[in-house]
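The structure appears below as structure tokens.
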Amino acid sequence: MAALPSARRQPAASAPRPWIAVLEGFIGSVLILVGSVGVGWIANGSPMIRNSLVIAMRTEGAGVVTSTVLLTLGAMLLLRSWLRLGQRLINWGPGSLKTVVVAVIAWGAPMMLAVPIFSRDVYAYTGQGRLMAEGLNPYTYGISALSNWFMLGTDPSWAENRTPYGPLFLWLSRGVVALTGAQPDISVLLFRAIACIGVALCVIFVPKLAQLQGVNGARALWLSVANPLFLLSFVASAHNDALMVGLAVAGVYCAATRRGLLGVVLVTASIAVKPITIVLLPFIGLLWAGHAAGWGRRFLFWAATGSLSLAMLLLMGLPGNVGLGWTWALTDATPGYTGYSPSGFGGQMLEALGNLVGLDGMAIGNGFRSLLTVASMGVAAWLVLFGDPKQVVRRAGLAFAAVVLMAPIIQPWYILWFLPLVAATGIRNNWQIKVCYVVIGFFVVFGAQDQLFVWDFVKLQVGSGTLATAVAWTAVFYLLVLDVHTRKLLFSKESDVDALRSQPDTLTTVPRPPR
């Protein structure tokens, strides 16, 4: 037999070795854990603030600087490890799914013990649990109704604000408080455990849903769950969005495999965590009806889906008399906007232009943002009513994306609401995956310098936010220019030259299983 051409040979030294990326990511996560002690959010009522080592890390300039650098470097190392894992797995063959699952566990485990970073919403959950425990309706009262509420570590913005969360999560919060007595550190650990239930549901059902759509499950899981934004937001920050997303993905999978009733139950549970996933409910009705359903059958199953979901939500709201108070989160627009959202940035530009020509710029900007919000609802409605009946899951992901991306306010973790559905239905190895890299990288960099806690009396030569920004952008420069591996991801014609030598510029697919 003739020898293979030299171009096809792959020396052992250049073998993919994905474990290297997994190990590097674990080191990055450990750095995040250590750095969080110095600049993460610790509640005033936590005994940690009386620990001598914690005091040194949070009150001495050297400790704060070291913590800031470690936290930022850890986040950027985790970003690089995620990118390199995708390159090292190359063709996403047998064993790649196991490797991605190991990466999720290895990278997420140290964050389970980290001080909350990038957000302190988790402390608000404890406050809302205390409201429930004291017989106060969180849809009516803010956390300031509690005695000594400032000891919980809650952001003051929650003081007078009613909760936007659903009844199921309020009862989970009540359960956590019952177990912990509202002790902040143990409460954080339990809320992280709840968030990790959502992470586990994503780990289980994203690959299954991807296989159902003819897409490689390992690659879909790597894109949606192993990415650093997901782990930082859903494990380190312990956002309840993790449970919301996990239940939604599980519900969509069940509905897509002819278990429509279970799909409705799971997605309704997701709505009862955060109501935004109500966007998915009409698509669950479509999946339940079947792709061959006519209009009559579709409307019948939409009615059944809506009625069942509403009945469940009513029952969840009966204990404690919280009712349907969560509906305010859908009907009342949150004031303001984020400057990096298309709606926020576009509105700013139009406002400036309007002022320049002597018009009411503020009215123009607000009108533009309102128009995009209405347009997002129109896009979602169109995707419900029209499109390939065999691509309902894809349509659901795109509708969710439209509602998120056209809204005035986009928090970093909002991207993760729709990413699992989009990844499970296919993200191509072209501009699509490059956009994914840019968006995730942007929010990791943004989060690395956002909401770092430093006492006002600590004197620093350079502010912690400025230092974190400098470290993060230096790392970005390294990834884009100096790193011979990662720089090709954006600047080559293909997103991953090595991975695409053996496959066309299409979705990484697997045969569809029989239905």
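Residue numbering restarts at 1 for every chain of the structure tokens, chains are lettered A, B, ... in their displayed order, and ligands are numbered from 1 as they appear.
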Which of segment 149-329 of chain A DSSP labels alpha helix (DSSP H), written as an MDAnalysis selection string: chainID A and resid 167:180 184:212 217:224 228:231 241:256 260:271 281:289 295:317 328:329
Give me the segment 42-106 of chain A side of the contact with segment 431-439 of chain A, cut-off 12 Å, one line per residue showing its nearest atom pair and distance in Å at one decimal, counting only C-alpha atoms, sorted by chain and residue number, as CSV.
```
residue,atom,partner,partner_atom,distance
A:Leu79,CA,A:Tyr437,CA,9.5
A:Arg80,CA,A:Tyr437,CA,10.6
A:Trp82,CA,A:Tyr437,CA,10.1
A:Leu83,CA,A:Tyr437,CA,8.3
A:Arg84,CA,A:Tyr437,CA,11.9
A:Gly86,CA,A:Ile433,CA,11.2
```
Produce a file of the selected residues containing N, CA, C and O atoms, as a PDB file, in the first residue's frame.
```pdb
ATOM      1  N   LEU A  79     -11.780  32.161  28.562  1.00  0.00           N
ATOM      2  CA  LEU A  79     -12.214  32.458  27.192  1.00  0.00           C
ATOM      3  C   LEU A  79     -11.305  31.779  26.178  1.00  0.00           C
ATOM      4  O   LEU A  79     -11.775  31.141  25.230  1.00  0.00           O
ATOM      5  N   ARG A  80      -9.992  31.899  26.386  1.00  0.00           N
ATOM      6  CA  ARG A  80      -9.056  31.269  25.452  1.00  0.00           C
ATOM      7  C   ARG A  80      -9.197  29.745  25.482  1.00  0.00           C
ATOM      8  O   ARG A  80      -9.155  29.084  24.434  1.00  0.00           O
ATOM      9  N   TRP A  82     -11.808  28.000  26.097  1.00  0.00           N
ATOM     10  CA  TRP A  82     -13.012  27.615  25.355  1.00  0.00           C
ATOM     11  C   TRP A  82     -12.761  27.645  23.851  1.00  0.00           C
ATOM     12  O   TRP A  82     -13.140  26.719  23.123  1.00  0.00           O
ATOM     13  N   LEU A  83     -12.116  28.695  23.384  1.00  0.00           N
ATOM     14  CA  LEU A  83     -11.796  28.790  21.960  1.00  0.00           C
ATOM     15  C   LEU A  83     -10.885  27.647  21.520  1.00  0.00           C
ATOM     16  O   LEU A  83     -11.091  27.027  20.469  1.00  0.00           O
ATOM     17  N   ARG A  84      -9.871  27.362  22.325  1.00  0.00           N
ATOM     18  CA  ARG A  84      -8.920  26.310  21.972  1.00  0.00           C
ATOM     19  C   ARG A  84      -9.556  24.927  22.042  1.00  0.00           C
ATOM     20  O   ARG A  84      -9.202  24.036  21.263  1.00  0.00           O
ATOM     21  N   GLY A  86     -12.573  24.207  21.210  1.00  0.00           N
ATOM     22  CA  GLY A  86     -13.258  24.042  19.933  1.00  0.00           C
ATOM     23  C   GLY A  86     -12.312  23.704  18.802  1.00  0.00           C
ATOM     24  O   GLY A  86     -12.642  22.917  17.906  1.00  0.00           O
TER      25      GLY A  86
END
```
Non-local contacts of Gly378 of chain A (12 Å; only C-alpha atoms; under 3 positions in same chain excluded) as a PyMOL selection string: chain A and resi 279+371-375+381-386+399-400+402-403+406
Just write the chosen residues, N, CA, C and O atoms, as a CSV table (one decimal), in the first residue's frame.
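out-v4.csv was written with the following content:
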```csv
chain,number,residue,atom,x,y,z
A,279,VAL,N,-42.5,33.5,25.6
A,279,VAL,CA,-42.3,33.6,24.1
A,279,VAL,C,-42.3,32.2,23.5
A,279,VAL,O,-42.7,32.0,22.3
A,371,LEU,N,-40.3,51.5,18.8
A,371,LEU,CA,-40.6,50.8,17.5
A,371,LEU,C,-39.9,49.5,17.4
A,371,LEU,O,-40.5,48.5,16.9
A,372,LEU,N,-38.7,49.4,17.8
A,372,LEU,CA,-38.0,48.1,17.8
A,372,LEU,C,-38.6,47.1,18.7
A,372,LEU,O,-38.7,45.9,18.3
A,373,THR,N,-39.1,47.5,19.8
A,373,THR,CA,-39.8,46.6,20.7
A,373,THR,C,-41.0,46.0,20.1
A,373,THR,O,-41.2,44.8,20.1
A,374,VAL,N,-41.8,46.9,19.5
A,374,VAL,CA,-43.0,46.4,18.8
A,374,VAL,C,-42.6,45.5,17.6
A,374,VAL,O,-43.2,44.4,17.3
A,375,ALA,N,-41.6,45.9,16.9
A,375,ALA,CA,-41.1,45.1,15.7
A,375,ALA,C,-40.7,43.7,16.2
A,375,ALA,O,-40.9,42.7,15.5
A,381,ALA,N,-44.2,36.9,16.3
A,381,ALA,CA,-45.6,36.4,15.8
A,381,ALA,C,-45.5,35.8,14.4
A,381,ALA,O,-46.1,34.8,14.2
A,382,TRP,N,-44.7,36.4,13.6
A,382,TRP,CA,-44.5,35.9,12.2
A,382,TRP,C,-43.9,34.5,12.3
A,382,TRP,O,-44.4,33.6,11.5
A,383,LEU,N,-42.9,34.3,13.1
A,383,LEU,CA,-42.3,33.0,13.2
A,383,LEU,C,-43.2,32.0,13.8
A,383,LEU,O,-43.0,30.8,13.5
A,384,VAL,N,-44.1,32.4,14.6
A,384,VAL,CA,-45.1,31.5,15.2
A,384,VAL,C,-46.0,31.0,14.1
A,384,VAL,O,-46.3,29.8,13.9
A,385,LEU,N,-46.5,31.9,13.2
A,385,LEU,CA,-47.5,31.6,12.3
A,385,LEU,C,-47.0,31.1,11.0
A,385,LEU,O,-47.7,30.3,10.3
A,386,PHE,N,-45.8,31.4,10.6
A,386,PHE,CA,-45.3,31.0,9.3
A,386,PHE,C,-43.9,30.4,9.4
A,386,PHE,O,-43.1,30.7,10.3
A,399,ALA,N,-37.1,33.5,17.3
A,399,ALA,CA,-38.1,34.4,17.9
A,399,ALA,C,-37.6,34.9,19.2
A,399,ALA,O,-37.7,36.1,19.5
A,400,PHE,N,-37.0,34.0,20.0
A,400,PHE,CA,-36.5,34.4,21.3
A,400,PHE,C,-35.3,35.4,21.1
A,400,PHE,O,-35.2,36.4,21.8
A,402,ALA,N,-34.9,37.5,18.6
A,402,ALA,CA,-35.5,38.8,18.2
A,402,ALA,C,-36.0,39.6,19.4
A,402,ALA,O,-35.7,40.8,19.5
A,403,VAL,N,-36.7,38.9,20.3
A,403,VAL,CA,-37.2,39.6,21.4
A,403,VAL,C,-36.1,40.2,22.3
A,403,VAL,O,-36.2,41.3,22.9
A,406,MET,N,-33.7,43.0,20.2
A,406,MET,CA,-34.3,44.2,19.8
A,406,MET,C,-34.9,45.0,21.0
A,406,MET,O,-35.5,46.0,20.8
```
Interatomic distance (Å, one decimal) between atom CA of Val176 of chain A and atom CA of Ala195 of chain A: 12.7 Å
Residue among A:Ser233, A:Pro275, A:Ser144, A:Asp456 lying closest to Ile415 of chain A, counting only C-alpha atoms: A:Ser233
Residues near segment 305-308 of chain A, cut-off 9 Å, only C-alpha atoms, skip fewer than 6 positions along chain, as a ChimeraX atom specification: /A:260-261,264-265,268,281-282,284-285,288
Near-segment 418-425 of chain A list (8 Å; only C-alpha atoms; drop same-chain fewer than 3 positions) as number ranges by chain: A: 202, 206-207, 209-211, 213-215, 217, 220-221, 223-225, 249, 393-394, 396-398, 400-401, 414-415
Distance of atom CA of Leu179 of chain A from atom CA of Ala133 of chain A, expressed in Å to one decimal place: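 That distance, rounded to one decimal, is 11.4 Å.
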Counting only C-alpha atoms, the residue of A:Leu78, A:Ala43, A:Val188, A:Ile197 that sits nearest Met151 of chain A: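 Closest to Met151 of chain A, using only C-alpha atoms: A:Ala43.
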Atom pair atom CA of Gly387 of chain A / atom CA of Asn429 of chain A: separation (Å): 23.7 Å
Proximity to Leu232 of chain A - best of A:Pro18, A:Gly45, A:Gly465, A:Gly74, only C-alpha atoms: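 Ranked by minimum distance to Leu232 of chain A, first place goes to A:Gly74.
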